Every structure is written in structure tokens, then in C-alpha cells.
file protein_16.csv (CSV, N, CA and C atoms)
chain,number,residue,atom,x,y,z
A,63,MET,N,2.3,124.2,-75.1
A,63,MET,CA,1.5,123.0,-75.1
A,63,MET,C,2.4,121.8,-74.6
A,64,GLN,N,3.7,121.7,-75.0
A,64,GLN,CA,4.5,120.6,-74.5
A,64,GLN,C,4.6,120.7,-73.0
A,65,GLN,N,4.7,121.9,-72.4
A,65,GLN,CA,4.8,122.0,-71.0
A,65,GLN,C,3.6,121.4,-70.3
A,66,SER,N,2.4,121.7,-70.9
A,66,SER,CA,1.2,121.2,-70.4
A,66,SER,C,1.1,119.7,-70.5
A,67,LYS,N,1.6,119.1,-71.5
A,67,LYS,CA,1.7,117.6,-71.7
A,67,LYS,C,2.6,117.0,-70.6
A,68,ASN,N,3.7,117.6,-70.4
A,68,ASN,CA,4.6,117.1,-69.3
A,68,ASN,C,4.0,117.2,-68.0
A,69,LEU,N,3.2,118.3,-67.7
A,69,LEU,CA,2.6,118.5,-66.4
A,69,LEU,C,1.5,117.4,-66.3
A,70,LEU,N,0.8,117.1,-67.3
A,70,LEU,CA,-0.2,116.0,-67.3
A,70,LEU,C,0.4,114.7,-67.0
A,71,THR,N,1.4,114.3,-67.7
A,71,THR,CA,2.1,113.0,-67.4
A,71,THR,C,2.7,113.0,-66.1
A,72,LYS,N,3.2,114.1,-65.6
A,72,LYS,CA,3.8,114.2,-64.2
A,72,LYS,C,2.7,113.9,-63.2
A,73,LYS,N,1.5,114.6,-63.4
A,73,LYS,CA,0.4,114.4,-62.5
A,73,LYS,C,-0.1,113.0,-62.5
A,74,ILE,N,-0.1,112.4,-63.7
A,74,ILE,CA,-0.6,111.0,-63.7
A,74,ILE,C,0.4,110.1,-63.1
A,75,SER,N,1.7,110.2,-63.4
A,75,SER,CA,2.7,109.3,-62.8
A,75,SER,C,2.8,109.5,-61.3
A,76,GLU,N,2.6,110.7,-60.8
A,76,GLU,CA,2.6,110.9,-59.3
A,76,GLU,C,1.3,110.5,-58.7
A,77,LYS,N,0.3,110.1,-59.5
A,77,LYS,CA,-1.0,109.8,-59.0
A,77,LYS,C,-1.7,110.9,-58.3
A,78,THR,N,-1.4,112.1,-58.8
A,78,THR,CA,-2.1,113.3,-58.3
A,78,THR,C,-3.5,113.3,-58.7
A,79,GLN,N,-4.4,113.9,-57.9
A,79,GLN,CA,-5.8,113.8,-58.2
A,79,GLN,C,-6.2,114.5,-59.5
A,80,ILE,N,-6.8,113.8,-60.4
A,80,ILE,CA,-7.3,114.3,-61.6
A,80,ILE,C,-8.8,114.3,-61.4
A,81,GLN,N,-9.4,115.5,-61.7
A,81,GLN,CA,-10.9,115.6,-61.4
A,81,GLN,C,-11.7,114.9,-62.4
A,82,GLY,N,-11.2,114.8,-63.7
A,82,GLY,CA,-12.0,114.1,-64.7
A,82,GLY,C,-11.2,113.8,-65.9
A,83,VAL,N,-11.6,112.7,-66.6
A,83,VAL,CA,-11.0,112.3,-67.8
A,83,VAL,C,-12.1,111.9,-68.7
A,84,VAL,N,-12.1,112.4,-69.9
A,84,VAL,CA,-13.1,112.0,-70.9
A,84,VAL,C,-12.3,111.5,-72.1
A,85,VAL,N,-12.6,110.3,-72.5
A,85,VAL,CA,-11.8,109.6,-73.6
A,85,VAL,C,-12.7,109.4,-74.8
A,86,SER,N,-12.2,109.8,-75.9
A,86,SER,CA,-12.8,109.3,-77.2
A,86,SER,C,-11.8,108.3,-77.8
A,87,SER,N,-12.1,107.9,-79.0
A,87,SER,CA,-11.2,106.8,-79.6
A,87,SER,C,-9.8,107.3,-79.9
A,88,ARG,N,-9.7,108.7,-80.0
A,88,ARG,CA,-8.4,109.2,-80.4
A,88,ARG,C,-7.8,110.3,-79.5
A,89,ARG,N,-8.7,110.8,-78.6
A,89,ARG,CA,-8.3,112.0,-77.8
A,89,ARG,C,-8.6,111.7,-76.4
A,90,VAL,N,-7.9,112.4,-75.5
A,90,VAL,CA,-8.1,112.4,-74.1
A,90,VAL,C,-8.3,113.8,-73.6
A,91,TYR,N,-9.4,114.1,-72.9
A,91,TYR,CA,-9.6,115.4,-72.4
A,91,TYR,C,-9.5,115.2,-70.8
A,92,VAL,N,-8.6,115.9,-70.3
A,92,VAL,CA,-8.3,115.8,-68.9
A,92,VAL,C,-8.5,117.2,-68.2
A,93,TYR,N,-9.1,117.2,-67.1
A,93,TYR,CA,-9.3,118.5,-66.4
A,93,TYR,C,-9.1,118.3,-64.9
A,94,SER,N,-8.4,119.3,-64.3
A,94,SER,CA,-8.2,119.3,-62.9
A,94,SER,C,-8.0,120.8,-62.5
A,95,ASP,N,-7.5,121.0,-61.3
A,95,ASP,CA,-7.3,122.4,-60.8
A,95,ASP,C,-6.2,123.1,-61.6
A,96,GLU,N,-5.2,122.3,-62.1
A,96,GLU,CA,-4.0,122.9,-62.7
A,96,GLU,C,-4.1,122.7,-64.3
A,97,VAL,N,-4.8,121.8,-64.8
A,97,VAL,CA,-4.7,121.5,-66.2
A,97,VAL,C,-6.1,121.3,-66.8
A,98,ASP,N,-6.3,122.0,-67.9
A,98,ASP,CA,-7.4,121.6,-68.8
A,98,ASP,C,-6.8,121.4,-70.2
A,99,LEU,N,-6.8,120.2,-70.6
A,99,LEU,CA,-6.0,119.8,-71.7
A,99,LEU,C,-6.6,118.8,-72.6
A,100,GLU,N,-6.4,118.9,-73.9
A,100,GLU,CA,-6.8,117.9,-74.9
A,100,GLU,C,-5.5,117.4,-75.6
A,101,ILE,N,-5.3,116.1,-75.5
A,101,ILE,CA,-4.1,115.6,-76.2
A,101,ILE,C,-4.5,114.3,-76.9
A,102,ARG,N,-3.7,113.9,-77.9
A,102,ARG,CA,-3.9,112.6,-78.6
A,102,ARG,C,-3.6,111.5,-77.6
A,103,LEU,N,-4.5,110.5,-77.6
A,103,LEU,CA,-4.3,109.4,-76.7
A,103,LEU,C,-3.0,108.7,-77.0
A,104,GLU,N,-2.6,108.6,-78.2
A,104,GLU,CA,-1.4,107.9,-78.6
A,104,GLU,C,-0.2,108.7,-78.0
A,105,ASN,N,-0.2,110.0,-78.0
A,105,ASN,CA,0.9,110.8,-77.4
A,105,ASN,C,1.0,110.6,-75.9
A,106,LEU,N,-0.2,110.5,-75.2
A,106,LEU,CA,-0.2,110.3,-73.8
A,106,LEU,C,0.4,109.0,-73.4
A,107,LEU,N,0.0,107.9,-74.2
A,107,LEU,CA,0.6,106.6,-73.9
A,107,LEU,C,2.1,106.5,-74.1
A,108,LEU,N,2.5,107.1,-75.2
A,108,LEU,CA,3.9,107.2,-75.5
A,108,LEU,C,4.7,107.9,-74.4
A,109,ASN,N,4.2,109.0,-74.0
A,109,ASN,CA,4.9,109.8,-72.9
A,109,ASN,C,4.9,109.0,-71.6
A,110,LEU,N,3.8,108.3,-71.3
A,110,LEU,CA,3.8,107.5,-70.0
A,110,LEU,C,4.8,106.3,-70.1
A,111,LEU,N,4.9,105.7,-71.3
A,111,LEU,CA,5.8,104.6,-71.4
A,111,LEU,C,7.2,105.0,-71.4
A,112,GLU,N,7.5,106.2,-72.0
A,112,GLU,CA,8.8,106.7,-72.0
A,112,GLU,C,9.3,107.1,-70.6
A,113,GLU,N,8.4,107.7,-69.9
A,113,GLU,CA,8.8,108.2,-68.5
A,113,GLU,C,8.8,107.2,-67.5
A,114,ASN,N,7.9,106.2,-67.6
A,114,ASN,CA,7.8,105.2,-66.5
A,114,ASN,C,8.3,103.8,-66.9
A,115,GLY,N,8.9,103.6,-68.1
A,115,GLY,CA,9.4,102.3,-68.5
A,115,GLY,C,8.3,101.4,-68.9
A,116,PRO,N,8.6,100.1,-69.0
A,116,PRO,CA,7.5,99.2,-69.4
A,116,PRO,C,6.4,99.1,-68.4
A,117,LEU,N,5.2,99.1,-68.9
A,117,LEU,CA,4.0,99.0,-68.0
A,117,LEU,C,3.0,97.9,-68.5
A,118,THR,N,2.3,97.4,-67.6
A,118,THR,CA,1.2,96.4,-67.9
A,118,THR,C,0.0,97.2,-68.3
A,119,ARG,N,-0.9,96.5,-69.0
A,119,ARG,CA,-2.2,97.2,-69.3
A,119,ARG,C,-2.9,97.6,-68.1
A,120,GLY,N,-2.9,96.8,-67.0
A,120,GLY,CA,-3.6,97.2,-65.8
A,120,GLY,C,-3.0,98.5,-65.2
A,121,GLU,N,-1.6,98.6,-65.2
A,121,GLU,CA,-1.0,99.8,-64.7
A,121,GLU,C,-1.3,101.0,-65.5
A,122,LEU,N,-1.4,100.8,-66.9
A,122,LEU,CA,-1.8,102.0,-67.7
A,122,LEU,C,-3.3,102.4,-67.4
A,123,VAL,N,-4.1,101.4,-67.2
A,123,VAL,CA,-5.5,101.8,-66.8
A,123,VAL,C,-5.6,102.5,-65.5
A,124,ALA,N,-4.8,102.1,-64.5
A,124,ALA,CA,-4.8,102.8,-63.2
A,124,ALA,C,-4.2,104.2,-63.3
A,125,LEU,N,-3.2,104.4,-64.2
A,125,LEU,CA,-2.6,105.7,-64.3
A,125,LEU,C,-3.5,106.7,-65.1
A,126,THR,N,-4.2,106.2,-66.1
A,126,THR,CA,-4.9,107.1,-67.0
A,126,THR,C,-6.4,107.2,-66.8
A,127,HIS,N,-7.0,106.2,-66.1
A,127,HIS,CA,-8.4,106.1,-66.0
A,127,HIS,C,-9.2,105.9,-67.3
A,128,ILE,N,-8.5,105.4,-68.3
A,128,ILE,CA,-9.0,105.1,-69.6
A,128,ILE,C,-9.6,103.7,-69.5
A,129,PRO,N,-10.8,103.4,-70.1
A,129,PRO,CA,-11.4,102.1,-70.1
A,129,PRO,C,-10.4,101.1,-70.7
A,130,ARG,N,-10.4,99.9,-70.1
A,130,ARG,CA,-9.5,98.8,-70.5
A,130,ARG,C,-9.6,98.5,-72.0
A,131,SER,N,-10.8,98.3,-72.5
A,131,SER,CA,-10.9,98.0,-73.9
A,131,SER,C,-10.5,99.1,-74.9
A,132,THR,N,-10.8,100.3,-74.5
A,132,THR,CA,-10.3,101.5,-75.3
A,132,THR,C,-8.8,101.5,-75.3
A,133,LEU,N,-8.2,101.3,-74.2
A,133,LEU,CA,-6.7,101.3,-74.0
A,133,LEU,C,-6.1,100.2,-74.9
A,134,TYR,N,-6.7,99.0,-74.8
A,134,TYR,CA,-6.1,97.9,-75.5
A,134,TYR,C,-6.2,98.1,-77.0
A,135,ASP,N,-7.3,98.6,-77.5
A,135,ASP,CA,-7.5,98.8,-78.9
A,135,ASP,C,-6.4,99.8,-79.4
A,136,ASN,N,-6.2,100.8,-78.6
A,136,ASN,CA,-5.1,101.8,-79.0
A,136,ASN,C,-3.7,101.2,-79.0
A,137,LEU,N,-3.5,100.4,-77.9
A,137,LEU,CA,-2.2,99.7,-77.8
A,137,LEU,C,-1.9,98.8,-79.0
A,138,ALA,N,-3.0,98.1,-79.4
A,138,ALA,CA,-2.8,97.2,-80.6
A,138,ALA,C,-2.5,97.9,-81.9
A,139,LYS,N,-3.2,99.1,-82.1
A,139,LYS,CA,-2.9,99.9,-83.2
A,139,LYS,C,-1.5,100.4,-83.2
A,140,MET,N,-1.0,100.8,-82.0
A,140,MET,CA,0.4,101.3,-81.9
A,140,MET,C,1.4,100.2,-82.1
A,141,ILE,N,1.1,99.0,-81.7
A,141,ILE,CA,2.0,97.9,-81.9
A,141,ILE,C,2.1,97.6,-83.4
A,142,SER,N,1.0,97.6,-84.1
A,142,SER,CA,1.0,97.4,-85.6
A,142,SER,C,1.7,98.4,-86.3
A,143,ARG,N,1.8,99.6,-85.8
A,143,ARG,CA,2.5,100.7,-86.5
A,143,ARG,C,4.0,100.8,-86.0
A,144,GLY,N,4.4,99.9,-85.1
A,144,GLY,CA,5.8,99.9,-84.7
A,144,GLY,C,6.2,100.9,-83.6
A,145,LEU,N,5.2,101.6,-83.0
A,145,LEU,CA,5.5,102.6,-82.0
A,145,LEU,C,5.8,102.0,-80.7
A,146,ILE,N,5.2,100.9,-80.3
A,146,ILE,CA,5.5,100.2,-79.0
A,146,ILE,C,5.6,98.7,-79.3
A,147,ILE,N,6.2,98.1,-78.3
A,147,ILE,CA,6.3,96.6,-78.4
A,147,ILE,C,5.7,96.0,-77.2
A,148,LYS,N,5.3,94.7,-77.4
A,148,LYS,CA,4.7,94.0,-76.3
A,148,LYS,C,5.6,92.8,-76.0
A,149,GLU,N,5.9,92.6,-74.7
A,149,GLU,CA,6.8,91.5,-74.4
A,149,GLU,C,6.2,90.8,-73.2
A,150,SER,N,6.4,89.5,-73.1
A,150,SER,CA,5.9,88.7,-72.0
A,150,SER,C,7.1,88.4,-71.1
A,151,VAL,N,6.8,88.4,-69.8
A,151,VAL,CA,7.7,88.1,-68.8
A,151,VAL,C,7.3,86.8,-68.1
A,152,PRO,N,8.1,85.7,-68.3
A,152,PRO,CA,7.7,84.5,-67.7
A,152,PRO,C,7.6,84.5,-66.2
A,153,ARG,N,6.7,83.7,-65.7
A,153,ARG,CA,6.5,83.6,-64.2
A,153,ARG,C,7.2,82.4,-63.6
A,154,ASP,N,7.5,82.5,-62.4
A,154,ASP,CA,8.1,81.3,-61.7
A,154,ASP,C,7.0,80.3,-61.3
A,155,THR,N,5.8,80.8,-61.2
A,155,THR,CA,4.7,79.9,-60.9
A,155,THR,C,3.8,79.7,-62.1
A,156,ARG,N,2.8,78.9,-62.0
A,156,ARG,CA,1.9,78.6,-63.1
A,156,ARG,C,1.1,79.9,-63.4
A,157,GLY,N,0.5,79.9,-64.6
A,157,GLY,CA,-0.4,81.0,-65.0
A,157,GLY,C,0.2,81.7,-66.2
A,158,ARG,N,-0.6,82.7,-66.6
A,158,ARG,CA,-0.2,83.5,-67.7
A,158,ARG,C,1.0,84.3,-67.4
A,159,PRO,N,1.9,84.5,-68.4
A,159,PRO,CA,3.0,85.4,-68.2
A,159,PRO,C,2.5,86.9,-68.1
A,160,LYS,N,3.3,87.7,-67.5
A,160,LYS,CA,2.9,89.1,-67.4
A,160,LYS,C,3.3,89.8,-68.7
A,161,ILE,N,2.4,90.6,-69.3
A,161,ILE,CA,2.6,91.3,-70.5
A,161,ILE,C,2.9,92.7,-70.3
A,162,LEU,N,4.1,93.1,-70.8
A,162,LEU,CA,4.5,94.5,-70.6
A,162,LEU,C,4.5,95.2,-72.0
A,163,PHE,N,4.1,96.5,-71.9
A,163,PHE,CA,4.2,97.3,-73.1
A,163,PHE,C,5.3,98.4,-72.9
A,164,LYS,N,6.1,98.5,-73.9
A,164,LYS,CA,7.2,99.5,-73.8
A,164,LYS,C,7.4,100.2,-75.2
A,165,LYS,N,8.0,101.4,-75.1
A,165,LYS,CA,8.2,102.2,-76.3
A,165,LYS,C,9.3,101.5,-77.2
A,166,ALA,N,9.0,101.4,-78.5
A,166,ALA,CA,9.9,100.8,-79.4
A,166,ALA,C,11.2,101.6,-79.6
call {"tool": "encode", "arguments": {"input": "protein_16.csv", "output": "C-alpha cells"}}
result
Amino acid sequence: MQQSKNLLTKKISEKTQIQGVVVSSRRVYVYSDEVDLEIRLENLLLNLLEENGPLTRGELVALTHIPRSTLYDNLAKMISRGLIIKESVPRDTRGRPKILFKKA
């Protein structure tokens, strides 16, 4: 099972074609030619943050194909449990700072 999870995060980080993703509030079901897998959404996010370093919410949406609101709800729960941290990166120009999520 661990090897399948690593293959999934590798496929996602390499932007390999995933044929479908079905997301529930706690699980992600991913299917493609190489992988048919069910994993906890929390584990997927932790693996992606560990392998790719700090990521923005937009980058996580692009990598996982998970709806933005579902992703943010889960990130907020993970922050409250101390699994990840959120940090802002100031900009040189006006506007909101960039928010990065990283593994605690």
C-alpha cells in the first residue's frame, strides 16, 4: 500500500495524467492506467507537502484536482491539529501576501 501511495504522489507531482479523482470529505479515490487507490485525504496532503515543500492552496488544487473549498476545510483541520503550518510571504508590491502551507 505504501508503494502505491508513493506512486500516486509521484504521478501527481510529475503532473502525470490522472484519469479521475473522486473526493469525499475524508478520502480521495484516484484512478488511472497504473493506479486504482483509495487513501485518506490528510495523508495525500501530508505526502505532497513533504515531497514538494511549501505549497500554496492554488498549487495544491492544481496538483490534486480537489475542489478548493474541500481542500481548504481539510487544511484548516490539519492546522488546528498541528500537522501543518500556514505562513505568509510578504510581497514587494501591494496586495495580499502569498500564503504557503508546509508540514509542521
call {"tool": "atom_distance", "arguments": {"input": "protein_16.csv", "atom1": "atom CA of Glu121 of chain A", "atom2": "atom C of Leu133 of chain A"}}
result
11.4 Å
call {"tool": "closest_residue", "arguments": {"input": "protein_16.csv", "among": "A:Ala166, A:Ile161, A:Arg119, A:Thr132", "to": "Gly144 of chain A", "atoms": "only C-alpha atoms"}}
result
A:Ala166
call {"tool": "select_by_dssp", "arguments": {"input": "protein_16.csv", "residues": "segment 99-161 of chain A", "states": "strand (DSSP E)", "output": "PDB file with N, CA and C atoms, in the coordinates of the input"}}
result
ATOM      1  N   LEU A  99      -6.800 120.200 -70.600  1.00  0.00           N
ATOM      2  CA  LEU A  99      -6.000 119.800 -71.700  1.00  0.00           C
ATOM      3  C   LEU A  99      -6.600 118.800 -72.600  1.00  0.00           C
ATOM      4  N   GLU A 100      -6.400 118.900 -73.900  1.00  0.00           N
ATOM      5  CA  GLU A 100      -6.800 117.900 -74.900  1.00  0.00           C
ATOM      6  C   GLU A 100      -5.500 117.400 -75.600  1.00  0.00           C
ATOM      7  N   ILE A 101      -5.300 116.100 -75.500  1.00  0.00           N
ATOM      8  CA  ILE A 101      -4.100 115.600 -76.200  1.00  0.00           C
ATOM      9  C   ILE A 101      -4.500 114.300 -76.900  1.00  0.00           C
ATOM     10  N   ARG A 102      -3.700 113.900 -77.900  1.00  0.00           N
ATOM     11  CA  ARG A 102      -3.900 112.600 -78.600  1.00  0.00           C
ATOM     12  C   ARG A 102      -3.600 111.500 -77.600  1.00  0.00           C
ATOM     13  N   ILE A 146       5.200 100.900 -80.300  1.00  0.00           N
ATOM     14  CA  ILE A 146       5.500 100.200 -79.000  1.00  0.00           C
ATOM     15  C   ILE A 146       5.600  98.700 -79.300  1.00  0.00           C
ATOM     16  N   ILE A 147       6.200  98.100 -78.300  1.00  0.00           N
ATOM     17  CA  ILE A 147       6.300  96.600 -78.400  1.00  0.00           C
ATOM     18  C   ILE A 147       5.700  96.000 -77.200  1.00  0.00           C
ATOM     19  N   LYS A 148       5.300  94.700 -77.400  1.00  0.00           N
ATOM     20  CA  LYS A 148       4.700  94.000 -76.300  1.00  0.00           C
ATOM     21  C   LYS A 148       5.600  92.800 -76.000  1.00  0.00           C
ATOM     22  N   GLU A 149       5.900  92.600 -74.700  1.00  0.00           N
ATOM     23  CA  GLU A 149       6.800  91.500 -74.400  1.00  0.00           C
ATOM     24  C   GLU A 149       6.200  90.800 -73.200  1.00  0.00           C
ATOM     25  N   SER A 150       6.400  89.500 -73.100  1.00  0.00           N
ATOM     26  CA  SER A 150       5.900  88.700 -72.000  1.00  0.00           C
ATOM     27  C   SER A 150       7.100  88.400 -71.100  1.00  0.00           C
ATOM     28  N   VAL A 151       6.800  88.400 -69.800  1.00  0.00           N
ATOM     29  CA  VAL A 151       7.700  88.100 -68.800  1.00  0.00           C
ATOM     30  C   VAL A 151       7.300  86.800 -68.100  1.00  0.00           C
ATOM     31  N   LYS A 160       3.300  87.700 -67.500  1.00  0.00           N
ATOM     32  CA  LYS A 160       2.900  89.100 -67.400  1.00  0.00           C
ATOM     33  C   LYS A 160       3.300  89.800 -68.700  1.00  0.00           C
ATOM     34  N   ILE A 161       2.400  90.600 -69.300  1.00  0.00           N
ATOM     35  CA  ILE A 161       2.600  91.300 -70.500  1.00  0.00           C
ATOM     36  C   ILE A 161       2.900  92.700 -70.300  1.00  0.00           C
TER      37      ILE A 161
END
call {"tool": "atom_distance", "arguments": {"input": "protein_16.csv", "atom1": "atom C of Glu149 of chain A", "atom2": "atom C of Leu117 of chain A"}}
result
9.1 Å
call {"tool": "residues_around", "arguments": {"input": "protein_16.csv", "residues": "Leu162 of chain A", "least_positions_apart": "2", "cutoff": "8 Å", "atoms": "only C-alpha atoms", "output": "ChimeraX atom specification"}}
result
/A:116-119,148-151,160,164
call {"tool": "atom_distance", "arguments": {"input": "protein_16.csv", "atom1": "atom CA of Ala124 of chain A", "atom2": "atom CA of Leu145 of chain A"}}
result
21.4 Å
call {"tool": "select_by_dssp", "arguments": {"input": "protein_16.csv", "residues": "segment 105-158 of chain A", "states": "alpha helix (DSSP H)", "output": "count of residues only"}}
result
31
call {"tool": "closest_residue", "arguments": {"input": "protein_16.csv", "among": "A:Ser142, A:Gly115, A:His127, A:Asn136", "to": "Phe163 of chain A", "atoms": "only C-alpha atoms"}}
result
A:Gly115
